[in-house]
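Source file: final_28.tsv. Holds: TSV, C-alpha atoms and all ligand atoms.
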chain	number	residue	atom	x	y	z
H	284	MET	CA	-67.48	28.90	20.26
H	285	ILE	CA	-66.94	26.67	23.29
H	286	ILE	CA	-69.32	23.70	23.57
H	287	SER	CA	-69.51	21.52	26.67
H	288	GLY	CA	-68.18	17.97	26.43
H	289	ASN	CA	-70.77	16.85	28.99
H	290	ASN	CA	-73.42	16.82	26.27
H	291	PRO	CA	-73.17	13.73	23.97
H	292	ALA	CA	-74.79	15.73	21.14
H	293	HIS	CA	-71.83	18.11	21.32
H	294	VAL	CA	-69.37	15.24	20.91
H	295	GLN	CA	-71.20	14.23	17.74
H	296	GLN	CA	-71.28	17.88	16.60
H	297	ALA	CA	-67.49	18.03	17.09
H	298	ALA	CA	-66.94	14.83	15.10
H	299	ASP	CA	-69.31	16.02	12.35
H	300	ALA	CA	-67.35	19.28	12.07
H	301	LEU	CA	-64.10	17.33	11.62
H	302	CYS	CA	-65.65	15.01	9.02
H	303	ALA	CA	-66.93	18.09	7.15
H	304	GLY	CA	-63.40	19.48	6.88
H	305	GLU	CA	-63.71	22.05	9.69
H	306	LEU	CA	-61.20	22.78	12.44
H	307	LEU	CA	-61.92	21.82	16.05
H	308	GLY	CA	-60.33	22.65	19.41
H	309	LEU	CA	-59.94	19.11	20.76
H	310	PRO	CA	-59.25	18.30	24.43
H	311	THR	CA	-56.63	15.63	25.11
H	312	GLU	CA	-54.98	14.51	28.34
H	313	THR	CA	-51.75	16.36	27.39
H	314	VAL	CA	-52.78	19.72	25.89
H	315	TYR	CA	-55.61	20.91	23.62
H	316	GLY	CA	-55.12	20.21	19.93
H	317	LEU	CA	-56.16	22.18	16.84
H	318	ALA	CA	-57.71	19.27	14.95
H	319	ALA	CA	-58.65	18.43	11.36
H	320	ASP	CA	-59.27	15.30	9.26
H	321	ALA	CA	-55.72	14.02	8.61
H	322	ASN	CA	-56.56	12.86	5.09
H	323	ASN	CA	-58.25	16.10	4.03
H	324	GLU	CA	-55.52	18.35	2.60
H	325	THR	CA	-57.67	21.47	2.55
H	326	ALA	CA	-58.60	20.99	6.21
H	327	VAL	CA	-54.99	20.30	7.19
H	328	ALA	CA	-53.90	23.46	5.34
H	329	LYS	CA	-56.26	25.42	7.61
H	330	ILE	CA	-54.30	24.20	10.64
H	331	PHE	CA	-50.97	25.44	9.29
H	332	LYS	CA	-52.55	28.76	8.31
H	333	ALA	CA	-54.31	29.31	11.66
H	334	LYS	CA	-51.17	28.50	13.66
H	335	GLY	CA	-48.76	30.35	11.40
H	336	ARG	CA	-46.76	27.16	11.33
H	337	PRO	CA	-44.36	26.33	8.45
H	338	ALA	CA	-46.06	23.70	6.23
H	339	ASN	CA	-43.08	21.36	6.37
H	340	HIS	CA	-43.41	20.87	10.15
H	341	PRO	CA	-45.27	17.56	10.55
H	342	LEU	CA	-48.39	17.22	12.70
H	343	ILE	CA	-49.34	14.33	14.97
H	344	VAL	CA	-52.19	12.13	13.72
H	345	HIS	CA	-54.56	10.95	16.45
H	346	VAL	CA	-56.31	7.59	16.18
H	347	ALA	CA	-59.14	5.93	18.11
H	348	SER	CA	-57.16	2.73	18.76
H	349	SER	CA	-54.13	0.79	17.59
H	350	ALA	CA	-56.44	-0.92	15.06
H	351	SER	CA	-56.40	2.32	13.01
H	352	VAL	CA	-52.60	2.36	12.73
H	353	ASN	CA	-52.55	0.15	9.64
H	354	ASN	CA	-54.48	2.83	7.75
H	355	PHE	CA	-51.39	5.06	7.93
H	356	VAL	CA	-48.22	3.04	8.34
H	357	SER	CA	-46.44	0.39	6.30
H	358	GLU	CA	-44.65	-1.33	9.14
H	359	VAL	CA	-44.68	-1.47	12.94
H	360	PRO	CA	-41.38	-2.67	14.45
H	361	ALA	CA	-41.70	-5.04	17.42
H	362	PHE	CA	-40.43	-2.45	19.89
H	363	ALA	CA	-43.01	0.08	18.65
H	364	GLN	CA	-45.74	-2.53	19.06
H	365	ALA	CA	-44.57	-3.10	22.64
H	366	LEU	CA	-44.74	0.63	23.37
H	367	MET	CA	-48.23	0.87	21.86
H	368	THR	CA	-49.46	-2.08	23.91
H	369	GLN	CA	-48.04	-0.63	27.11
H	370	PHE	CA	-48.89	3.07	26.79
H	371	TRP	CA	-51.90	3.50	24.46
H	372	PRO	CA	-54.27	5.11	24.98
H	373	GLY	CA	-51.96	7.69	26.53
H	374	PRO	CA	-49.44	10.51	26.14
H	375	LEU	CA	-47.05	8.75	23.73
H	376	THR	CA	-46.51	9.55	20.03
H	377	LEU	CA	-44.75	7.05	17.78
H	378	ILE	CA	-43.10	8.08	14.51
H	379	LEU	CA	-43.58	5.26	11.98
H	380	PRO	CA	-43.01	4.74	8.23
H	381	ARG	CA	-45.95	6.30	6.37
H	382	LEU	CA	-48.06	4.64	3.68
H	383	PRO	CA	-47.50	6.83	0.57
H	384	ASP	CA	-51.11	7.82	-0.08
H	385	THR	CA	-52.06	8.78	3.47
H	386	ALA	CA	-51.89	11.99	5.48
H	387	ALA	CA	-49.16	13.48	3.28
H	388	ALA	CA	-49.93	17.13	4.09
H	389	ALA	CA	-50.32	16.35	7.80
H	390	ALA	CA	-46.94	14.61	7.74
H	391	GLY	CA	-45.35	17.73	6.27
H	392	GLY	CA	-44.31	15.71	3.23
H	393	GLN	CA	-42.04	13.38	5.24
H	394	ASN	CA	-42.15	9.65	4.55
H	395	SER	CA	-43.00	9.03	8.20
H	396	VAL	CA	-46.05	9.86	10.29
H	397	GLY	CA	-46.47	10.57	14.03
H	398	LEU	CA	-49.35	8.59	15.55
H	399	ARG	CA	-50.93	8.85	18.97
H	400	CYS	CA	-54.01	7.37	20.62
H	401	PRO	CA	-54.96	9.84	23.39
H	402	SER	CA	-56.57	8.72	26.65
H	403	HIS	CA	-58.90	11.69	27.26
H	404	PRO	CA	-62.41	10.16	27.14
H	405	LEU	CA	-63.76	13.01	24.98
H	406	ALA	CA	-60.86	12.76	22.53
H	407	LEU	CA	-61.50	9.03	22.25
H	408	ALA	CA	-65.24	9.56	21.81
H	409	VAL	CA	-64.67	12.11	19.02
H	410	LEU	CA	-62.08	9.87	17.32
H	411	LYS	CA	-64.42	6.86	17.48
H	412	ALA	CA	-67.30	8.90	16.03
H	413	CYS	CA	-64.96	10.03	13.22
H	414	ALA	CA	-63.78	6.46	12.55
H	415	ASP	CA	-67.44	5.39	12.29
H	416	LYS	CA	-67.69	7.80	9.36
H	417	GLY	CA	-64.48	6.56	7.73
H	418	VAL	CA	-62.20	9.29	9.10
H	419	TRP	CA	-59.42	7.17	10.61
H	420	GLY	CA	-57.08	9.86	11.79
H	421	VAL	CA	-57.26	13.40	13.11
H	422	ALA	CA	-54.23	15.64	12.74
H	423	ALA	CA	-53.76	17.93	15.73
H	424	PRO	CA	-50.82	20.05	16.78
H	425	SER	CA	-51.13	21.91	20.07
H	426	ALA	CA	-53.81	24.62	19.73
H	427	ASN	CA	-51.51	27.62	20.06
H	428	MET	CA	-49.86	30.03	17.67
H	429	PHE	CA	-46.51	28.74	16.43
H	430	GLY	CA	-43.80	29.01	19.10
H	431	ARG	CA	-46.17	30.03	21.90
H	432	VAL	CA	-47.27	28.33	25.11
H	433	SER	CA	-49.51	25.27	24.62
H	434	PRO	CA	-53.13	25.48	25.86
H	435	THR	CA	-54.37	23.32	28.75
H	436	SER	CA	-57.97	24.60	28.92
H	437	ALA	CA	-60.74	25.51	26.47
H	438	ALA	CA	-60.39	29.17	27.51
H	439	HIS	CA	-56.69	29.10	26.55
H	440	VAL	CA	-57.63	27.86	23.06
H	441	GLN	CA	-60.24	30.57	22.69
H	442	ALA	CA	-57.66	33.17	23.75
H	443	GLU	CA	-55.41	31.95	20.90
H	444	PHE	CA	-57.92	31.61	18.05
H	445	GLY	CA	-61.00	33.60	19.04
H	446	ASP	CA	-64.68	32.72	19.11
H	447	ALA	CA	-65.00	31.57	15.50
H	448	LEU	CA	-63.27	28.27	16.30
H	449	LEU	CA	-65.46	25.41	17.57
H	450	ILE	CA	-63.90	24.17	20.82
H	451	LEU	CA	-65.02	21.07	22.71
H	452	ASP	CA	-64.58	21.77	26.41
H	453	GLY	CA	-63.03	18.77	28.17
H	454	GLY	CA	-61.87	20.62	31.28
H	455	GLU	CA	-58.26	21.14	32.33
H	456	CYS	CA	-55.73	18.76	30.78
H	457	ASP	CA	-54.46	16.19	33.30
H	458	VAL	CA	-50.91	15.86	32.03
H	459	GLY	CA	-50.29	19.48	31.01
H	460	ILE	CA	-47.27	19.00	28.72
H	461	GLU	CA	-47.23	17.46	25.24
H	462	SER	CA	-46.78	13.75	24.59
H	463	THR	CA	-43.45	11.94	24.69
H	464	ILE	CA	-42.34	11.38	21.06
H	465	VAL	CA	-40.38	8.27	20.10
H	466	ASP	CA	-39.04	7.89	16.57
H	467	CYS	CA	-39.46	4.23	15.54
H	468	THR	CA	-38.15	4.57	11.97
H	469	ARG	CA	-34.44	4.17	12.62
H	470	GLY	CA	-34.17	0.58	13.84
H	471	VAL	CA	-33.79	1.65	17.47
H	472	PRO	CA	-36.10	3.84	19.59
H	473	VAL	CA	-35.06	7.51	19.55
H	474	LEU	CA	-36.44	10.11	21.97
H	475	LEU	CA	-37.50	13.21	19.99
H	476	ARG	CA	-39.42	14.96	22.77
H	477	PRO	CA	-39.56	14.07	26.49
H	478	GLY	CA	-42.96	14.02	28.21
H	479	GLN	CA	-44.75	12.48	31.16
H	480	ILE	CA	-43.90	8.95	30.05
H	481	SER	CA	-40.25	8.92	31.04
H	482	ARG	CA	-37.11	7.59	29.42
H	483	THR	CA	-36.95	4.88	32.09
H	484	GLN	CA	-40.54	3.76	31.44
H	485	ILE	CA	-39.92	3.56	27.67
H	486	GLU	CA	-36.75	1.51	28.11
H	487	GLN	CA	-38.47	-0.85	30.54
H	488	ALA	CA	-41.47	-1.37	28.24
H	489	CYS	CA	-39.49	-2.22	25.11
H	490	GLY	CA	-36.35	-3.67	26.68
H	491	LEU	CA	-34.11	-1.43	24.55
H	492	LYS	CA	-31.92	1.58	25.19
H	493	LEU	CA	-33.60	4.83	24.18
H	494	HIS	CA	-31.26	6.89	21.97
H	495	ASN	CA	-30.90	10.64	21.65
H	496	PRO	CA	-31.32	12.08	18.13
H	497	ASP	CA	-27.96	13.86	18.03
H	498	ALA	CA	-26.14	10.62	18.91
H	499	LEU	CA	-27.29	8.99	15.65
H	500	PRO	CA	-25.67	9.55	12.24
H	501	THR	CA	-28.86	10.03	10.15
H	502	ALA	CA	-30.58	13.43	10.06
H	503	ALA	CA	-33.34	13.98	12.60
H	504	PRO	CA	-36.82	14.82	11.25
H	505	ARG	CA	-38.08	18.39	11.58
H	506	ALA	CA	-39.95	18.83	14.82
H	507	SER	CA	-41.03	22.26	15.96
H	508	GLY	CA	-41.26	21.12	19.58
H	509	THR	CA	-37.53	20.51	19.30
H	510	LEU	CA	-36.61	24.06	18.23
H	511	ALA	CA	-34.37	25.68	20.84
H	512	SER	CA	-36.82	28.54	21.44
H	513	HIS	CA	-40.38	27.29	21.85
H	514	TYR	CA	-43.16	27.30	24.42
H	515	ALA	CA	-42.30	30.94	25.01
H	516	PRO	CA	-44.44	33.35	27.05
H	517	SER	CA	-44.18	37.08	26.29
H	518	ALA	CA	-42.15	37.71	29.44
H	519	LYS	CA	-38.47	36.86	29.56
H	520	VAL	CA	-37.84	33.55	31.33
H	521	ARG	CA	-34.76	32.86	33.41
H	522	LEU	CA	-33.89	29.54	35.09
H	523	MET	CA	-32.23	29.81	38.47
H	524	GLN	CA	-30.97	27.63	41.28
H	525	THR	CA	-32.66	28.16	44.65
H	526	ALA	CA	-29.73	30.02	46.21
H	527	GLU	CA	-29.46	32.16	43.08
H	528	TRP	CA	-33.02	33.55	43.11
H	529	GLN	CA	-32.92	33.99	46.87
H	530	LYS	CA	-29.80	36.11	46.58
H	531	ALA	CA	-31.08	38.07	43.58
H	532	LEU	CA	-34.41	38.76	45.25
H	533	ALA	CA	-32.75	39.90	48.47
H	534	ALA	CA	-30.61	42.28	46.41
H	535	LEU	CA	-33.69	43.78	44.75
H	536	GLY	CA	-35.49	44.15	48.08
H	537	PRO	CA	-39.22	44.85	48.43
H	538	HIS	CA	-39.32	47.28	45.49
H	539	THR	CA	-39.31	44.59	42.82
H	540	GLN	CA	-41.35	45.39	39.70
H	541	ASN	CA	-43.13	43.21	37.14
H	542	LEU	CA	-41.34	40.11	38.35
H	543	ALA	CA	-42.78	36.61	38.70
H	544	LEU	CA	-41.23	33.70	40.56
H	545	TRP	CA	-42.15	30.00	40.28
H	546	SER	CA	-40.31	28.25	43.11
H	547	VAL	CA	-40.92	25.48	45.62
H	548	GLU	CA	-40.25	27.69	48.61
H	549	LYS	CA	-42.06	30.98	49.16
H	550	PRO	CA	-39.78	34.02	49.46
H	551	ALA	CA	-39.46	35.65	52.89
H	552	ASN	CA	-42.41	37.93	53.75
H	553	GLU	CA	-40.38	41.14	53.67
H	554	LEU	CA	-39.55	40.43	50.00
H	555	MET	CA	-43.15	39.80	48.91
H	556	GLY	CA	-43.84	43.33	47.63
H	557	ALA	CA	-46.68	44.22	45.25
H	558	GLY	CA	-44.33	43.99	42.27
H	559	LEU	CA	-43.63	40.31	42.79
H	560	VAL	CA	-46.04	37.57	41.69
H	561	TRP	CA	-45.20	34.25	43.32
H	562	ARG	CA	-46.67	30.84	42.50
H	563	ALA	CA	-45.73	27.56	44.18
H	564	LEU	CA	-43.72	25.13	42.05
H	565	PRO	CA	-45.02	21.68	43.03
H	566	ALA	CA	-42.38	19.27	44.35
H	567	ASP	CA	-44.07	16.51	42.33
H	568	ALA	CA	-43.03	16.39	38.65
H	569	ASN	CA	-46.48	15.38	37.33
H	570	GLN	CA	-48.18	18.15	39.26
H	571	ALA	CA	-45.58	20.66	38.03
H	572	ALA	CA	-46.21	19.54	34.42
H	573	HIS	CA	-49.95	19.94	34.99
H	574	ASP	CA	-49.46	23.54	36.22
H	575	LEU	CA	-46.62	24.68	33.94
H	576	PHE	CA	-48.36	26.22	30.91
H	577	SER	CA	-51.24	27.75	32.87
H	578	VAL	CA	-48.75	29.34	35.29
H	579	LEU	CA	-46.83	30.84	32.35
H	580	ARG	CA	-50.07	32.14	30.80
H	581	ASP	CA	-51.16	33.55	34.15
H	582	PHE	CA	-47.85	35.40	34.59
H	583	ASP	CA	-48.23	36.86	31.09
H	584	ALA	CA	-51.81	37.91	31.83
H	585	ARG	CA	-50.57	39.80	34.90
H	586	GLY	CA	-48.20	41.75	32.70
H	587	VAL	CA	-44.96	40.63	34.34
H	588	ARG	CA	-41.84	41.30	32.27
H	589	THR	CA	-39.53	38.74	33.84
H	590	ILE	CA	-40.21	35.21	35.04
H	591	TRP	CA	-37.76	33.41	37.29
H	592	ILE	CA	-38.18	29.64	37.43
H	593	GLU	CA	-36.42	27.46	39.95
H	594	MET	CA	-34.47	24.68	38.23
H	595	PRO	CA	-36.14	21.31	38.99
H	596	PRO	CA	-34.05	18.22	39.86
H	597	ASP	CA	-32.07	16.50	37.09
H	598	THR	CA	-33.98	13.20	37.27
H	599	PRO	CA	-35.90	11.21	34.59
H	600	GLU	CA	-39.38	12.13	35.85
H	601	TRP	CA	-38.56	15.86	35.53
H	602	GLU	CA	-37.12	15.61	31.98
H	603	GLY	CA	-40.34	16.77	30.26
H	604	VAL	CA	-40.75	19.83	32.48
H	605	ARG	CA	-37.06	20.72	32.32
H	606	ASP	CA	-37.18	20.50	28.52
H	607	ARG	CA	-40.17	22.89	28.29
H	608	ILE	CA	-38.80	25.50	30.69
H	609	GLN	CA	-35.38	25.40	29.04
H	610	ARG	CA	-37.03	26.11	25.67
H	611	ALA	CA	-39.21	28.82	27.23
H	612	ALA	CA	-36.01	30.45	28.50
H	613	ALA	CA	-34.09	30.13	25.21
D	1	LIG	O1	-49.48	15.89	23.26
D	1	LIG	C1	-49.35	16.13	22.07
D	1	LIG	O2	-48.57	15.51	21.34
D	1	LIG	C2	-50.21	17.25	21.47
D	1	LIG	C3	-51.68	16.83	21.58
D	1	LIG	C4	-52.60	17.78	20.89
D	1	LIG	O3	-51.82	15.52	21.11
D	1	LIG	N1	-49.83	17.56	20.14
D	1	LIG	C5	-48.69	18.20	19.85
D	1	LIG	O4	-48.54	18.50	18.52
D	1	LIG	O5	-47.85	18.49	20.67
D	1	LIG	P1	-47.44	19.52	17.96
D	1	LIG	O6	-47.71	19.63	16.49
D	1	LIG	O7	-47.45	20.80	18.72
D	1	LIG	O8	-46.14	18.75	18.13
D	1	LIG	C6	-45.96	17.64	17.33
D	1	LIG	C7	-44.53	17.29	17.26
D	1	LIG	C8	-43.83	18.32	16.42
D	1	LIG	O9	-42.63	18.69	17.05
D	1	LIG	C9	-43.65	17.57	15.13
D	1	LIG	O10	-42.61	18.04	14.38
D	1	LIG	C10	-43.46	16.12	15.61
D	1	LIG	O11	-44.40	16.03	16.63
D	1	LIG	N2	-43.81	15.18	14.55
D	1	LIG	C11	-45.00	14.87	14.05
D	1	LIG	N3	-44.89	14.04	13.02
D	1	LIG	C12	-43.59	13.78	12.86
D	1	LIG	C13	-42.81	13.01	11.95
D	1	LIG	N4	-43.35	12.33	10.97
D	1	LIG	N5	-41.48	13.01	12.12
D	1	LIG	C14	-40.92	13.72	13.11
D	1	LIG	N6	-41.58	14.48	13.98
D	1	LIG	C15	-42.88	14.51	13.87
D	2	MG	MG	-46.86	22.52	19.87

Let me see the file written as structure tokens.
Amino acid sequence: MIISGNNPAHVQQAADALCAGELLGLPTETVYGLAADANNETAVAKIFKAKGRPANHPLIVHVASSASVNNFVSEVPAFAQALMTQFWPGPLTLILPRLPDTAAAAAGGQNSVGLRCPSHPLALAVLKACADKGVWGVAAPSANMFGRVSPTSAAHVQAEFGDALLILDGGECDVGIESTIVDCTRGVPVLLRPGQISRTQIEQACGLKLHNPDALPTAAPRASGTLASHYAPSAKVRLMQTAEWQKALAALGPHTQNLALWSVEKPANELMGAGLVWRALPADANQAAHDLFSVLRDFDARGVRTIWIEMPPDTPEWEGVRDRIQRAAA
């Protein structure tokens, strides 16, 4: 059931559901989450079951403010503190050493925990109402079936889990791709997942080089968002340079079938047959991130079998989008 976030009673209803051990479709500025009380093992188990996600894949725990962090972690390195100060509330998740008796199931049994304070006003309101009742953290992976495209609207969440799930409608997500994840447990910051907050911004905020996981000797934690094939629509996705799709489209001519194209430039009129669905790829990286998952879902809904995506520029602000479309194509 979708309930409107405009009604303060609904925000309380959402928080009450979480505190009672129920699942909730929670709006955040990145994507919608499938939320549960992070310290309630039975509730957390419902998340893994609903998503079909392996139970050893850790979930992100959402907190109302950095004051709640000490309920979950044993230590916050100075560089992690700097990142928190600069980017919270916002689309940044920090992996920190976990206090043994907290959020064990949510953390997938690892001795670390991923924490994030989201900036969506409704997410914050729900988290504050939960904290008022002693629920300090809310575990929430993206509200999609394991391996599928993340949801950026309440309707997307309902399409994944049906009407039995309580979903708080917070409108379309601003950011559109999942949070940047920085592992802060290895002495230096390590980028586990790129997002809207770029590599450059992270390095500037903490004054340290941001490492890549594969460049470090110790094993990287399990992270489903880092599996090669993820964020996949039903249609087959292919990444192409501009000249490449132009040539391929010209070769197919106007009789194209079940094909979708996401490119900056619109194909020539004579190629725009009924079998081609075209959507404009924004030239701005943030706008492209905002549109990405809903464009993929829309292509799927139109029954296309193949999706061609124009390769965005190889610059830091496009890293999050490039990462998602590369995984969608894998
Ligand atoms: O933007 C987001 O981060 C969204 C919204 C709902 O907040 N959440 C999200 O959750 O993307 P999920 O579960 O789809 O992705 C969480 C990622 C996973 O790849 C998970 O493995 C990683 O975070 N993660 C969580 N805790 C971790 C830990 N202790 N160590 C390593 N990776 C962790
Ligand atoms: Mg996910």

| query | What is the CA of Val421 (chain H)-CA of Val344 (chain H) distance in Å, reported with one decimal? | reply |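 Separation between CA of Val421 (chain H) and CA of Val344 (chain H): 5.3 Å.
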
| task | Would you mind reading off the distance between CA of His439 (chain H) and CA of Ala423 (chain H), one decimal, in Å? | result |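 According to the coordinates, CA of His439 (chain H) and CA of Ala423 (chain H) are separated by 15.8 Å.
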
| query | Which distance in Å separates CA of Gly373 (chain H) and atom C14 of ligand LIG 1 (chain D), to one decimal? | reply | 18.4 Å

| What would the list of residues within 9 Å of (-48.7, 8.0, 3.5) (file frame) look like as a ChimeraX atom specification, if all atoms listed in the file are what count? | /H:354-357,380-387,390,392-396

Centre and edge lengths of an axis-aligned box around all listed atoms of ligand LIG 1 (chain D), with 3 Å added on each side, are to be given in Å to one decimal, as JSON.
{"center_x": -46.8, "center_y": 16.6, "center_z": 17.1, "size_x": 17.7, "size_y": 14.5, "size_z": 18.3}

| field | Within-10 Å shell of (-47.8, 16.9, 22.5) in input frame, all atoms listed in the file, as a ChimeraX atom specification | value | /H:311-316,342-343,374-376,399,423-425,433,459-464,476-478,508

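Among the candidates H:Ala298, H:Leu407, H:Leu559, H:Ala318, the residue lying nearest to ligand LIG 1 (chain D) is H:Ala318 (atoms considered: only C-alpha atoms and all ligand atoms).
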